[in-house]
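Raw coords_24.txt, compact mmCIF, C-alpha atoms and all ligand atoms:
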# COMPACT_ATOMS: atom_id res chain seq x y z
CA MET F 17 -84.20 -34.75 193.89
CA GLU F 18 -82.46 -35.21 197.19
CA MET F 19 -84.31 -33.67 200.08
CA ALA F 20 -82.32 -32.45 203.06
CA ILE F 21 -84.81 -33.66 205.63
CA PHE F 22 -84.53 -37.34 204.51
CA SER F 23 -81.20 -37.96 206.21
CA TYR F 24 -80.12 -38.32 209.83
CA PRO F 25 -79.13 -34.64 210.13
CA GLY F 26 -82.47 -33.74 208.51
CA LEU F 27 -84.41 -36.05 210.83
CA HIS F 28 -82.57 -34.61 213.82
CA PHE F 29 -83.53 -31.13 212.63
CA VAL F 30 -87.21 -32.02 212.14
CA LEU F 31 -87.30 -33.61 215.59
CA LYS F 32 -85.70 -30.49 217.06
CA TRP F 33 -88.30 -28.31 215.37
CA LEU F 34 -91.11 -30.46 216.81
CA HIS F 35 -89.32 -30.59 220.17
CA ILE F 36 -89.25 -26.80 220.38
CA PHE F 37 -92.89 -26.56 219.19
CA PHE F 38 -94.02 -28.91 221.98
CA GLY F 39 -91.59 -27.29 224.42
CA ILE F 40 -93.24 -23.89 223.82
CA MET F 41 -96.69 -25.48 224.27
CA TRP F 42 -95.59 -26.95 227.61
CA ILE F 43 -93.45 -24.20 229.10
CA GLY F 44 -95.82 -21.51 227.78
CA HIS F 45 -98.58 -23.04 229.90
CA LEU F 46 -96.22 -23.51 232.84
CA TYR F 47 -95.40 -19.79 232.82
CA TYR F 48 -99.06 -18.89 232.32
CA PHE F 49 -99.98 -20.94 235.42
CA ASN F 50 -97.15 -19.58 237.55
CA PHE F 51 -96.83 -15.98 236.41
CA THR F 52 -100.39 -15.12 235.38
CA GLN F 53 -103.10 -17.43 236.65
CA GLY F 54 -101.73 -17.64 240.21
CA THR F 55 -101.80 -13.86 240.57
CA PHE F 56 -105.32 -13.71 239.12
CA MET F 57 -106.66 -16.50 241.36
CA ALA F 58 -105.30 -14.79 244.48
CA GLN F 59 -107.35 -11.69 243.66
CA THR F 60 -110.58 -13.04 242.21
CA ASP F 61 -113.88 -13.95 243.90
CA ALA F 62 -114.95 -17.51 244.78
CA PRO F 63 -117.44 -18.07 241.88
CA THR F 64 -114.87 -16.94 239.27
CA LYS F 65 -112.24 -19.12 240.92
CA SER F 66 -114.60 -22.09 240.69
CA GLN F 67 -115.26 -21.39 237.00
CA VAL F 68 -111.53 -21.28 236.31
CA GLN F 69 -111.04 -24.59 238.12
CA GLN F 70 -113.93 -26.30 236.37
CA LYS F 71 -113.71 -24.91 232.84
CA LEU F 72 -110.30 -23.38 232.21
CA LEU F 73 -107.96 -25.70 234.12
CA PRO F 74 -108.95 -28.92 232.29
CA VAL F 75 -108.27 -27.34 228.89
CA ALA F 76 -105.02 -25.67 229.91
CA LEU F 77 -103.81 -28.86 231.64
CA TYR F 78 -104.57 -30.90 228.52
CA TRP F 79 -102.18 -28.87 226.32
CA PHE F 80 -99.73 -28.59 229.24
CA ARG F 81 -99.35 -32.32 229.94
CA TRP F 82 -99.38 -33.48 226.32
CA GLY F 83 -96.91 -30.72 225.43
CA ALA F 84 -94.69 -32.18 228.18
CA MET F 85 -95.13 -35.73 226.86
CA TRP F 86 -94.21 -34.93 223.25
CA THR F 87 -91.31 -32.68 224.27
CA PHE F 88 -89.97 -35.60 226.27
CA VAL F 89 -90.53 -38.18 223.51
CA SER F 90 -88.95 -35.99 220.80
CA GLY F 91 -86.05 -35.27 223.17
CA LEU F 92 -85.43 -38.99 223.69
CA LEU F 93 -85.60 -39.61 219.94
CA MET F 94 -83.04 -36.84 219.41
CA LEU F 95 -80.64 -38.52 221.83
CA HIS F 96 -80.70 -41.34 219.27
CA THR F 97 -80.47 -39.25 216.07
CA ALA F 98 -77.70 -37.15 217.65
CA SER F 99 -75.64 -40.30 218.13
CA LYS F 100 -76.02 -41.00 214.38
CA ILE F 101 -74.62 -37.60 213.41
CA GLY F 102 -71.52 -37.59 215.54
CA PHE F 103 -72.60 -36.38 218.96
CA SER F 104 -71.56 -38.61 221.82
CA ILE F 105 -73.08 -38.98 225.24
CA GLN F 106 -69.53 -39.58 226.44
CA GLY F 107 -68.21 -36.22 225.20
CA ASP F 108 -68.67 -32.64 226.43
CA TRP F 109 -71.94 -32.40 224.43
CA GLY F 110 -73.15 -35.41 226.43
CA VAL F 111 -72.44 -33.72 229.76
CA LYS F 112 -74.37 -30.61 228.74
CA ILE F 113 -77.31 -32.37 227.10
CA LEU F 114 -77.64 -34.89 229.94
CA THR F 115 -77.68 -32.01 232.41
CA GLY F 116 -80.48 -30.27 230.49
CA ALA F 117 -82.30 -33.55 229.94
CA ALA F 118 -82.05 -34.46 233.66
CA PHE F 119 -83.85 -31.23 234.54
CA GLY F 120 -86.36 -31.80 231.70
CA THR F 121 -87.05 -35.40 232.67
CA LEU F 122 -87.73 -34.49 236.30
CA MET F 123 -90.03 -31.73 235.05
CA TRP F 124 -91.90 -34.21 232.83
CA ALA F 125 -92.26 -36.63 235.77
CA ASN F 126 -93.51 -33.81 238.01
CA VAL F 127 -96.18 -32.98 235.41
CA TRP F 128 -97.44 -36.54 234.94
CA PHE F 129 -97.02 -38.01 238.41
CA GLN F 130 -97.62 -35.03 240.68
CA ILE F 131 -99.19 -31.93 239.11
CA TRP F 132 -101.81 -33.68 236.92
CA PRO F 133 -103.01 -36.24 239.53
CA LYS F 134 -103.26 -33.52 242.20
CA GLN F 135 -105.01 -31.05 239.90
CA LYS F 136 -107.57 -33.70 238.97
CA ILE F 137 -108.61 -33.72 242.65
CA VAL F 138 -108.87 -29.90 242.66
CA ILE F 139 -111.03 -29.93 239.49
CA GLN F 140 -113.22 -32.75 240.78
CA SER F 141 -113.77 -30.98 244.10
CA ALA F 142 -114.73 -27.67 242.42
CA THR F 143 -117.16 -29.54 240.13
CA GLN F 144 -118.78 -31.34 243.08
CA VAL F 145 -119.22 -28.09 245.03
CA ALA F 146 -120.70 -26.32 241.98
CA GLY F 147 -123.17 -29.21 241.61
CA GLY F 148 -124.39 -28.71 245.17
CA GLY F 149 -122.24 -31.47 246.67
CA SER F 150 -119.46 -31.27 249.21
CA ALA F 151 -115.79 -30.48 248.65
CA ILE F 152 -113.20 -33.26 248.61
CA PRO F 153 -111.36 -32.95 251.96
CA GLU F 154 -107.91 -33.50 250.38
CA ALA F 155 -108.46 -30.84 247.68
CA ALA F 156 -106.67 -28.01 249.50
CA ALA F 157 -103.63 -30.18 250.23
CA ALA F 158 -103.66 -31.46 246.63
CA GLY F 159 -103.67 -27.87 245.34
CA ALA F 160 -100.73 -26.98 247.59
CA ALA F 161 -98.76 -30.06 246.44
CA ALA F 162 -99.44 -29.21 242.77
CA LEU F 163 -98.30 -25.64 243.36
CA LEU F 164 -95.01 -26.75 244.93
CA ALA F 165 -94.27 -29.12 242.01
CA SER F 166 -95.28 -26.46 239.49
CA ARG F 167 -93.07 -23.80 241.10
CA THR F 168 -90.20 -26.32 241.15
CA ASN F 169 -90.72 -26.92 237.42
CA THR F 170 -90.56 -23.16 236.84
CA LEU F 171 -87.31 -23.12 238.83
CA PHE F 172 -85.92 -26.06 236.79
CA SER F 173 -87.00 -24.61 233.44
CA ILE F 174 -84.34 -21.86 233.60
CA PRO F 175 -81.22 -24.10 233.94
CA MET F 176 -82.91 -26.74 231.74
CA LEU F 177 -83.04 -24.36 228.80
CA PHE F 178 -79.53 -23.01 229.47
CA PHE F 179 -77.93 -26.47 229.26
CA MET F 180 -80.16 -27.70 226.43
CA VAL F 181 -79.17 -24.78 224.22
CA ALA F 182 -75.59 -24.80 225.54
CA ALA F 183 -75.12 -28.39 224.34
CA PRO F 184 -74.54 -27.49 220.66
CA HIS F 185 -73.82 -23.77 221.10
CA LEU F 186 -71.57 -23.12 224.12
CA SER F 187 -68.26 -24.88 223.93
CA ILE F 188 -66.88 -25.72 227.35
CA GLU F 189 -63.47 -27.32 227.71
CA MET F 190 -63.84 -30.32 229.98
CA ASP F 191 -61.64 -32.81 231.71
CA LEU F 192 -63.95 -35.75 231.22
CA ALA F 193 -61.97 -37.92 233.65
CA ASN F 194 -63.92 -36.16 236.42
CA GLN F 195 -67.35 -36.94 234.97
CA THR F 196 -68.40 -39.21 237.82
CA THR F 197 -67.75 -36.47 240.39
CA TYR F 198 -69.76 -34.02 238.30
CA TYR F 199 -72.71 -36.41 237.98
CA ILE F 200 -72.67 -37.03 241.75
CA PHE F 201 -72.74 -33.24 242.28
CA LEU F 202 -75.68 -32.94 239.85
CA LEU F 203 -77.51 -35.84 241.47
CA VAL F 204 -77.15 -34.30 244.95
CA VAL F 205 -78.42 -30.89 243.76
CA LEU F 206 -81.32 -32.34 241.76
CA GLY F 207 -82.15 -34.96 244.38
CA ALA F 208 -82.40 -32.33 247.13
CA LEU F 209 -84.58 -30.03 245.03
CA GLU F 210 -86.85 -32.85 243.83
CA TYR F 211 -87.20 -34.13 247.39
CA ASN F 212 -88.29 -30.64 248.37
CA ALA F 213 -90.73 -30.58 245.43
CA LEU F 214 -92.48 -33.68 246.77
CA LYS F 215 -92.16 -33.30 250.52
CA GLY F 216 -90.85 -29.84 251.33
CA LYS F 217 -91.85 -26.19 251.34
CA LEU F 218 -92.16 -23.34 248.86
CA GLY F 219 -89.72 -21.07 250.73
CA PRO F 220 -88.07 -18.58 248.34
CA ILE F 221 -90.01 -19.90 245.32
CA THR F 222 -93.34 -18.73 246.78
CA THR F 223 -93.31 -15.54 244.72
CA VAL F 224 -92.86 -15.11 240.98
CA LYS F 225 -89.84 -12.87 241.54
CA GLY F 226 -88.41 -15.44 243.96
CA VAL F 227 -88.73 -18.38 241.58
CA ILE F 228 -87.19 -16.49 238.64
CA THR F 229 -84.29 -15.26 240.79
CA ALA F 230 -83.76 -18.77 242.19
CA GLY F 231 -83.77 -20.16 238.62
CA PHE F 232 -80.90 -17.90 237.59
CA ILE F 233 -78.97 -18.70 240.78
CA LEU F 234 -79.47 -22.44 240.23
CA THR F 235 -78.23 -22.09 236.63
CA ALA F 236 -75.09 -20.32 237.90
CA VAL F 237 -74.50 -22.97 240.60
CA VAL F 238 -74.72 -25.88 238.14
CA TYR F 239 -72.69 -24.05 235.49
CA PHE F 240 -69.89 -23.18 237.92
CA GLY F 241 -70.01 -26.72 239.29
CA MET F 242 -69.52 -28.01 235.75
CA GLU F 243 -66.63 -25.62 235.03
CA VAL F 244 -64.88 -26.26 238.37
CA ILE F 245 -65.28 -30.04 238.46
CA LEU F 246 -64.64 -30.76 234.77
C1 LIG N 1 -87.95 -33.58 228.72
C2 LIG N 1 -86.70 -33.96 228.50
C3 LIG N 1 -85.88 -33.43 227.37
C4 LIG N 1 -84.94 -34.15 226.67
C5 LIG N 1 -84.57 -35.62 226.88
C6 LIG N 1 -84.38 -33.27 225.68
C7 LIG N 1 -83.40 -33.60 224.75
C8 LIG N 1 -82.90 -32.78 223.76
C9 LIG N 1 -81.91 -33.14 222.77
C10 LIG N 1 -81.25 -34.52 222.63
C11 LIG N 1 -81.66 -32.04 222.00
C12 LIG N 1 -80.71 -31.98 220.78
C13 LIG N 1 -79.48 -31.17 221.12
C14 LIG N 1 -78.50 -31.06 219.96
O1 LIG N 1 -78.87 -31.17 218.79
O2 LIG N 1 -77.29 -30.83 220.23
C15 LIG N 1 -82.50 -30.98 222.48
C16 LIG N 1 -82.53 -29.71 221.96
C17 LIG N 1 -83.32 -28.70 222.40
N1 LIG N 1 -84.23 -28.76 223.45
FE1 LIG N 1 -84.59 -30.38 224.64
N2 LIG N 1 -84.98 -32.04 225.79
C18 LIG N 1 -85.90 -32.09 226.81
C19 LIG N 1 -86.71 -31.05 227.24
C20 LIG N 1 -86.77 -29.78 226.68
C21 LIG N 1 -87.67 -28.73 227.09
C22 LIG N 1 -88.70 -28.81 228.21
C23 LIG N 1 -87.41 -27.65 226.33
C24 LIG N 1 -88.11 -26.33 226.44
C25 LIG N 1 -88.49 -25.61 225.45
C26 LIG N 1 -86.34 -28.01 225.41
C27 LIG N 1 -85.77 -27.17 224.47
C28 LIG N 1 -84.80 -27.52 223.57
C29 LIG N 1 -84.22 -26.61 222.59
C30 LIG N 1 -84.59 -25.13 222.39
C31 LIG N 1 -83.31 -27.35 221.84
C32 LIG N 1 -82.47 -26.86 220.69
C33 LIG N 1 -81.05 -26.64 221.15
C34 LIG N 1 -80.21 -26.02 220.07
O3 LIG N 1 -80.01 -26.62 219.01
O4 LIG N 1 -79.74 -24.90 220.31
N3 LIG N 1 -85.98 -29.31 225.66
N4 LIG N 1 -83.24 -31.46 223.56
How does the structure come out when it is put into structure tokens?
Amino acid sequence: MEMAIFSYPGLHFVLKWLHIFFGIMWIGHLYYFNFTQGTFMAQTDAPTKSQVQQKLLPVALYWFRWGAMWTFVSGLLMLHTASKIGFSIQGDWGVKILTGAAFGTLMWANVWFQIWPKQKIVIQSATQVAGGGSAIPEAAAAGAAALLASRTNTLFSIPMLFFMVAAPHLSIEMDLANQTTYYIFLLVVLGALEYNALKGKLGPITTVKGVITAGFILTAVVYFGMEVIL
């Protein structure tokens, strides 16, 4: 008996299924942190806040960061299986998937190299204080840096999903001769936003409404850039 999943299209499908499973695990936690927990923490008392930091955050961040890792790994593997079933990085699919993947890769890096290291300081500080010790002086700044990276990831998640799903489902006629110009445009936009994520300010993405609105605007900007340039 021939089984559909034991072929390159089948493998690509299984990877996509896992990719979406891990993607939900990751982005579900991202939205929980940004839309739900932030609002709760702003209203709750200090002992509850400390409990959340000591007991809830480590568990939530475990599923969050490993969800990010496996989404990323399965995504990279799919770039390979896709090439085996006729998709080309050099075609219009490539432009769309590389756009989505560029957002996703920055998001993954923000999780592992900014949010998680900074949140470890926040958790450690809360644990020390609860044990009768003193707070870590950098904890407040670490929390602020983690928030900025986390809000940026929420901003990125909206265009990321648009382009990732657009890759096989939204056909866009492209003049691929202008690819280099498009990638420079994308690099400038992403570079500026990532620079802000590491060194800048929250600005309009301070509020939940602000970050969602900005996410839709960013999607429109990149989409129109793609249509106009290509
Ligand atoms: C981290 C970097 C990421 C990379 C390198 C990546 C790469 C890919 C690739 C190669 C595909 C296959 C597209 C096709 O078959 O045409 C795909 C599909 C998909 N990805 Fe990602 N991805 C990443 C992050 C994410 C994240 C964070 C999510 C959020 C849930 C996500 C959601 C999806 C979805 C829903 C599909 C299915 C698209 C469809 O068939 O309609 N990806 N991704």
**Request:** Name all residues at most 10 Å from Thr223 (chain F) (count only C-alpha atoms; drop same-chain ones fewer than 2 positions away) and give them as a PyMOL selection string.
**Result:** chain F and resi 50-51+54-55+167+218-221+225-229
Output as CSV one row per residue of chain F within 8 Å of ligand LIG 1 (chain N): the closest atom pair and its distance in Å to one decimal place, counting all atoms listed in the file, sorted by chain and residue number ascending.
residue,atom,partner,partner_atom,distance
F:His28,CA,N:LIG1,O1,7.1
F:Phe29,CA,N:LIG1,O1,7.7
F:Lys32,CA,N:LIG1,C16,5.9
F:His35,CA,N:LIG1,N1,6.3
F:Ile36,CA,N:LIG1,C25,5.3
F:Phe37,CA,N:LIG1,C25,7.7
F:Phe38,CA,N:LIG1,C25,7.3
F:Gly39,CA,N:LIG1,C25,3.7
F:Ile40,CA,N:LIG1,C25,5.3
F:Trp42,CA,N:LIG1,C22,7.2
F:Ile43,CA,N:LIG1,C25,6.3
F:Ala84,CA,N:LIG1,C22,6.9
F:Met85,CA,N:LIG1,C1,7.7
F:Thr87,CA,N:LIG1,C1,5.6
F:Phe88,CA,N:LIG1,C1,3.8
F:Val89,CA,N:LIG1,C5,7.3
F:Ser90,CA,N:LIG1,C6,7.2
F:Gly91,CA,N:LIG1,C7,3.5
F:Leu92,CA,N:LIG1,C5,4.7
F:Leu93,CA,N:LIG1,C10,7.2
F:Met94,CA,N:LIG1,C10,4.4
F:Leu95,CA,N:LIG1,C10,4.1
F:His96,CA,N:LIG1,C10,7.6
F:Ala98,CA,N:LIG1,O1,6.2
F:Phe103,CA,N:LIG1,O2,7.4
F:Trp109,CA,N:LIG1,O2,7.0
F:Ile113,CA,N:LIG1,C10,6.3
F:Leu114,CA,N:LIG1,C5,7.6
F:Gly116,CA,N:LIG1,N2,6.7
F:Ala117,CA,N:LIG1,C4,4.2
F:Ala118,CA,N:LIG1,C2,7.0
F:Phe119,CA,N:LIG1,C2,7.2
F:Gly120,CA,N:LIG1,C1,3.8
F:Thr121,CA,N:LIG1,C2,4.4
F:Leu122,CA,N:LIG1,C1,7.6
F:Met123,CA,N:LIG1,C1,6.9
F:Trp124,CA,N:LIG1,C1,5.7
F:Ser173,CA,N:LIG1,C22,6.9
F:Met176,CA,N:LIG1,C21,6.9
F:Leu177,CA,N:LIG1,C27,5.8
F:Met180,CA,N:LIG1,N1,5.2
F:Val181,CA,N:LIG1,O4,4.0
F:Ala182,CA,N:LIG1,O4,6.7
F:Ala183,CA,N:LIG1,O2,5.2
F:Pro184,CA,N:LIG1,O2,4.3
F:His185,CA,N:LIG1,O4,6.1
**Asked** So which one's closest to Met57 (chain F), F:Ala151, F:Leu73, F:Val244, F:Val145? Using all atoms listed in the file, please.
**Response** F:Leu73
**Selection near Lys217 (chain F), 9 Å with all atoms listed in the file, sequence-local residues under 5 positions removed, as a PyMOL selection string** = chain F and resi 164+212+222
**Message:** So that I can check the surroundings of region 127-134 of chain F, please list as a ChimeraX atom specification every protein, DNA and RNA residue that reaches within 12 Å of it, counting all atoms listed in the file and ignoring chain neighbours fewer than 4 positions away.
**Reply:** /F:42-43,45-46,49,73-74,76-85,88,120-123,138-141,152,154-170,210,213-215
**Prompt:** Which distance in Å separates CA of Thr64 (chain F) and CA of Gln135 (chain F), to one decimal?
**Reply:**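 Between CA of Thr64 (chain F) and CA of Gln135 (chain F) the gap is 17.2 Å.
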**Message:** Between F:Leu206, F:Met19, F:Ala62, F:Leu186, which residue has the minimum interatomic distance to Leu171 (chain F), considering all atoms listed in the file?
**Reply:**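 Using all atoms listed in the file, Leu171 (chain F) sits closest to F:Leu206.
Straight-line separation from CA of Gln195 (chain F) to CA of Gly231 (chain F): 23.8 Å.
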**Request:** Find the distance between CA of Trp33 (chain F) and CA of Gly107 (chain F) and write it in Å to one decimal.
**Result:**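 These atoms are spaced 23.7 Å apart.
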**Fill in**
The residue from F:Ser23, F:Lys100, F:Phe56, F:Leu246 with the smallest atom-to-atom distance to Tyr199 (chain F), counting all atoms listed in the file, is F:Leu246
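Taking all atoms listed in the file into account, Phe232 (chain F) lies nearest to F:Pro175 out of the set F:Thr115, F:Gly216, F:Pro175, F:Ile245.
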